[in-house]
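*Asks:* This one is work-v3.pdb, PDB, C-alpha atoms, pLDDT in the B column.
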MODEL        1
ATOM      1  CA  MET A 550     -36.226  82.363-181.817  1.00 41.00           C
ATOM      2  CA  GLU A 551     -35.340  82.328-178.138  1.00 44.00           C
ATOM      3  CA  SER A 552     -34.108  79.130-176.602  1.00 44.00           C
ATOM      4  CA  ALA A 553     -35.665  77.810-173.428  1.00 47.00           C
ATOM      5  CA  ALA A 554     -33.776  78.052-170.161  1.00 48.00           C
ATOM      6  CA  PRO A 555     -31.332  75.178-169.794  1.00 49.00           C
ATOM      7  CA  LEU A 556     -32.605  72.239-167.820  1.00 50.00           C
ATOM      8  CA  SER A 557     -30.834  71.400-164.608  1.00 53.00           C
ATOM      9  CA  ARG A 558     -30.272  67.936-163.297  1.00 80.00           C
ATOM     10  CA  ALA A 559     -31.742  66.812-160.011  1.00 88.00           C
ATOM     11  CA  VAL A 560     -29.595  66.416-156.940  1.00 92.00           C
ATOM     12  CA  LEU A 561     -30.292  63.457-154.666  1.00 94.00           C
ATOM     13  CA  VAL A 562     -30.509  64.753-151.094  1.00 94.00           C
ATOM     14  CA  HIS A 563     -30.811  62.945-147.774  1.00 92.00           C
ATOM     15  CA  ASP A 564     -30.915  65.725-145.200  1.00 92.00           C
ATOM     16  CA  ALA A 565     -31.017  69.496-144.687  1.00 91.00           C
ATOM     17  CA  ALA A 566     -27.211  69.750-144.704  1.00 93.00           C
ATOM     18  CA  GLY A 567     -27.035  68.091-148.116  1.00 94.00           C
ATOM     19  CA  MET A 568     -29.777  70.375-149.383  1.00 94.00           C
ATOM     20  CA  THR A 569     -27.883  73.424-148.124  1.00 94.00           C
ATOM     21  CA  MET A 570     -24.711  72.320-149.916  1.00 94.00           C
ATOM     22  CA  ALA A 571     -26.617  71.615-153.143  1.00 93.00           C
ATOM     23  CA  LEU A 572     -28.395  74.985-153.061  1.00 93.00           C
ATOM     24  CA  ALA A 573     -25.158  76.861-152.380  1.00 92.00           C
ATOM     25  CA  ALA A 574     -23.524  75.148-155.357  1.00 91.00           C
ATOM     26  CA  ALA A 575     -26.591  75.769-157.539  1.00 88.00           C
ATOM     27  CA  ARG A 576     -26.553  79.464-156.701  1.00 87.00           C
ATOM     28  CA  GLU A 577     -23.006  79.630-158.074  1.00 87.00           C
ATOM     29  CA  ALA A 578     -23.415  77.293-161.053  1.00 87.00           C
ATOM     30  CA  LEU A 579     -26.918  77.685-162.461  1.00 87.00           C
ATOM     31  CA  PRO A 580     -28.152  80.615-164.528  1.00 88.00           C
ATOM     32  CA  PRO A 581     -30.522  83.000-162.717  1.00 85.00           C
ATOM     33  CA  GLY A 582     -34.064  81.695-162.503  1.00 84.00           C
ATOM     34  CA  VAL A 583     -33.192  78.046-163.114  1.00 89.00           C
ATOM     35  CA  ALA A 584     -34.523  75.927-160.254  1.00 91.00           C
ATOM     36  CA  LEU A 585     -32.528  73.003-158.912  1.00 93.00           C
ATOM     37  CA  PRO A 586     -34.666  69.882-158.373  1.00 95.00           C
ATOM     38  CA  LEU A 587     -33.938  68.484-154.885  1.00 95.00           C
ATOM     39  CA  LEU A 588     -34.848  64.801-155.146  1.00 96.00           C
ATOM     40  CA  SER A 589     -35.323  62.766-151.991  1.00 96.00           C
ATOM     41  CA  ALA A 590     -33.862  59.299-151.665  1.00 94.00           C
ATOM     42  CA  PRO A 591     -35.770  56.552-153.514  1.00 94.00           C
ATOM     43  CA  GLY A 592     -38.926  55.667-151.592  1.00 94.00           C
ATOM     44  CA  ALA A 593     -38.184  58.290-148.918  1.00 95.00           C
ATOM     45  CA  ALA A 594     -41.887  58.927-148.331  1.00 95.00           C
ATOM     46  CA  HIS A 595     -42.006  55.542-146.570  1.00 93.00           C
ATOM     47  CA  TRP A 596     -39.971  56.910-143.640  1.00 93.00           C
ATOM     48  CA  LEU A 597     -39.947  60.676-144.197  1.00 92.00           C
ATOM     49  CA  SER A 598     -43.197  62.608-143.887  1.00 93.00           C
ATOM     50  CA  PRO A 599     -43.894  65.191-146.580  1.00 95.00           C
ATOM     51  CA  ARG A 600     -44.055  67.953-143.961  1.00 95.00           C
ATOM     52  CA  LEU A 601     -40.649  67.005-142.579  1.00 95.00           C
ATOM     53  CA  PHE A 602     -39.203  66.919-146.104  1.00 96.00           C
ATOM     54  CA  LEU A 603     -40.598  70.391-146.819  1.00 96.00           C
ATOM     55  CA  ALA A 604     -39.325  71.638-143.438  1.00 96.00           C
ATOM     56  CA  MET A 605     -35.823  70.427-144.328  1.00 95.00           C
ATOM     57  CA  VAL A 606     -36.070  72.274-147.651  1.00 95.00           C
ATOM     58  CA  ALA A 607     -37.205  75.435-145.832  1.00 95.00           C
ATOM     59  CA  GLN A 608     -34.282  75.127-143.395  1.00 94.00           C
ATOM     60  CA  ALA A 609     -31.821  74.752-146.285  1.00 93.00           C
ATOM     61  CA  LEU A 610     -33.351  77.721-148.110  1.00 93.00           C
ATOM     62  CA  GLY A 611     -32.901  79.814-144.972  1.00 92.00           C
ATOM     63  CA  THR A 612     -29.172  79.152-145.127  1.00 90.00           C
ATOM     64  CA  ALA A 613     -28.606  79.055-148.894  1.00 87.00           C
ATOM     65  CA  PRO A 614     -31.466  80.738-150.742  1.00 90.00           C
ATOM     66  CA  ALA A 615     -31.689  79.585-154.360  1.00 90.00           C
ATOM     67  CA  PRO A 616     -34.515  78.536-156.679  1.00 92.00           C
ATOM     68  CA  CYS A 617     -35.345  74.881-156.128  1.00 94.00           C
ATOM     69  CA  LEU A 618     -38.018  72.292-156.780  1.00 95.00           C
ATOM     70  CA  PRO A 619     -38.501  69.828-153.896  1.00 96.00           C
ATOM     71  CA  VAL A 620     -39.326  66.343-155.233  1.00 96.00           C
ATOM     72  CA  LEU A 621     -40.412  63.623-152.784  1.00 97.00           C
ATOM     73  CA  ASP A 622     -40.012  60.033-154.001  1.00 96.00           C
ATOM     74  CA  CYS A 623     -43.056  57.981-152.993  1.00 96.00           C
ATOM     75  CA  GLY A 624     -41.997  54.711-154.623  1.00 94.00           C
ATOM     76  CA  MET A 625     -45.103  52.645-155.333  1.00 95.00           C
ATOM     77  CA  ALA A 626     -47.160  54.058-152.452  1.00 95.00           C
ATOM     78  CA  ALA A 627     -50.169  55.943-153.784  1.00 95.00           C
ATOM     79  CA  GLY A 628     -51.205  56.872-150.239  1.00 94.00           C
ATOM     80  CA  HIS A 629     -47.858  58.550-149.623  1.00 95.00           C
ATOM     81  CA  ALA A 630     -48.200  60.388-152.935  1.00 95.00           C
ATOM     82  CA  LEU A 631     -51.623  61.714-151.926  1.00 95.00           C
ATOM     83  CA  ALA A 632     -50.251  62.770-148.522  1.00 95.00           C
ATOM     84  CA  ALA A 633     -47.390  64.587-150.272  1.00 96.00           C
ATOM     85  CA  LEU A 634     -49.820  66.460-152.513  1.00 95.00           C
ATOM     86  CA  ARG A 635     -51.996  67.395-149.516  1.00 95.00           C
ATOM     87  CA  ALA A 636     -48.917  68.646-147.634  1.00 95.00           C
ATOM     88  CA  GLY A 637     -48.021  70.942-150.519  1.00 96.00           C
ATOM     89  CA  CYS A 638     -45.149  69.083-152.165  1.00 96.00           C
ATOM     90  CA  PRO A 639     -44.837  70.752-155.562  1.00 96.00           C
ATOM     91  CA  ALA A 640     -43.529  67.581-157.241  1.00 95.00           C
ATOM     92  CA  LEU A 641     -43.259  63.900-156.476  1.00 94.00           C
ATOM     93  CA  VAL A 642     -42.123  60.618-157.939  1.00 95.00           C
ATOM     94  CA  LEU A 643     -44.546  57.712-158.138  1.00 94.00           C
ATOM     95  CA  SER A 644     -43.601  54.477-159.836  1.00 93.00           C
ATOM     96  CA  ALA A 645     -45.451  53.837-163.081  1.00 92.00           C
ATOM     97  CA  ALA A 646     -45.873  50.259-161.835  1.00 93.00           C
ATOM     98  CA  CYS A 647     -48.135  51.515-159.026  1.00 90.00           C
ATOM     99  CA  PRO A 648     -51.711  50.341-159.763  1.00 90.00           C
ATOM    100  CA  ALA A 649     -53.076  53.814-158.883  1.00 89.00           C
ATOM    101  CA  PHE A 650     -50.578  55.633-161.126  1.00 89.00           C
ATOM    102  CA  PRO A 651     -53.102  56.397-163.913  1.00 88.00           C
ATOM    103  CA  SER A 652     -55.530  57.859-161.387  1.00 85.00           C
ATOM    104  CA  LEU A 653     -52.983  60.126-159.776  1.00 82.00           C
TER
ENDMDL
END
Could you rewrite the structure in this file as C-alpha cells?

*Replies:*
Amino acid sequence: MESAAPLSRAVLVHDAAGMTMALAAAREALPPGVALPLLSAPGAAHWLSPRLFLAMVAQALGTAPAPCLPVLDCGMAAGHALAALRAGCPALVLSAACPAFPSL
C-alpha cells in the first residue's frame, strides 16, 4: 500500500516578498509535487482584492517557482468569498460562523 504524499503546513504571507521567501524555502524543503499553501493574513480579503492577491502570488512564482496553493482569508464576508471565487482563487477561508457558510 502506497502512502499519500505528506501534507505541508500553510505559511502565513503578507506580501509578494514573503511569498517569494516561502516558495524558495519550500522548493528546498518539500518533496517534489507537494504544494505549499500560501495563506493570506486573517480577513485579508477586507483590504486586499482577490486579483491583487493572485498577482502577488504570480510575482512570487516568477522569482521562486514552486508548487503552491494560494488561500485568501475572507473572514466572515460571504461577498468577499464570492469575489475570490469569481477571480479564480483556488482556495479560500470563510468563517463557519458566517450565516452564508452553508450556502457557499

*Asks:* Any idea what the distance is between atom CA of Cys623 of chain A and atom CA of Ala584 of chain A?

*Replies:*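 For atom CA of Cys623 of chain A relative to atom CA of Ala584 of chain A, the distance reads 21.2 Å.
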
*Asks:* Could you list, as number ranges by chain, every residue within 9 Å of segment 586-598 of chain A, counting all atoms listed in the file and ignoring same-chain residues fewer than 2 positions away?

*Replies:* A: 557-564, 568, 571-572, 584, 600-603, 606, 616-626, 629-630, 632-633, 641-643

*Asks:* Go through A:Pro599, A:Ala565, A:Pro580, A:Met570 one by one, measure the shortest atom-to-atom distance of each to Pro639 of chain A using all atoms listed in the file, and give the residue with the smallest value.

*Replies:*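 Between A:Pro599, A:Ala565, A:Pro580, A:Met570, the residue approaching Pro639 of chain A most closely is A:Pro599.
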
*Asks:* Hey, can you check how far atom CA of Ala575 of chain A sits from atom CA of Met605 of chain A?

*Replies:*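 A separation of 17.0 Å between them.
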
*Asks:* Given the file above and the PyMOL selection byres ((chain A and resi 613) around 9), which residues are selected, and can you give them as a PyMOL selection string?

*Replies:* chain A and resi 568-573+576+608-612+614-615

*Asks:* Nearest to Ser644 of chain A among A:Ala574, A:Ala604, A:Leu585, A:Ala627, with distances taken over all atoms listed in the file: which residue is it?

*Replies:*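 Nearest candidate to Ser644 of chain A out of A:Ala574, A:Ala604, A:Leu585, A:Ala627: A:Ala627.
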
*Asks:* Find the distance between atom CA of Leu634 of chain A and atom CA of Ala578 of chain A and write it in Å to one decimal.

*Replies:*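 Atom CA of Leu634 of chain A sits 29.8 Å away from atom CA of Ala578 of chain A.
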
*Asks:* Which of these, A:Glu577, A:Gly582, A:Gly628, A:Cys638, has the shortest distance to Ala607 of chain A once you count only C-alpha atoms?

*Replies:*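 Closest to Ala607 of chain A of all the choices is A:Cys638.
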
*Asks:* With 3 Å on each side, where is the centre of the axis-aligned box around all listed atoms of segment 566-579 of chain A, and how long are its edges in Å to one decimal, as JSON?

*Replies:*
{"center_x": -26.4, "center_y": 73.9, "center_z": -153.6, "size_x": 12.8, "size_y": 17.5, "size_z": 23.8}
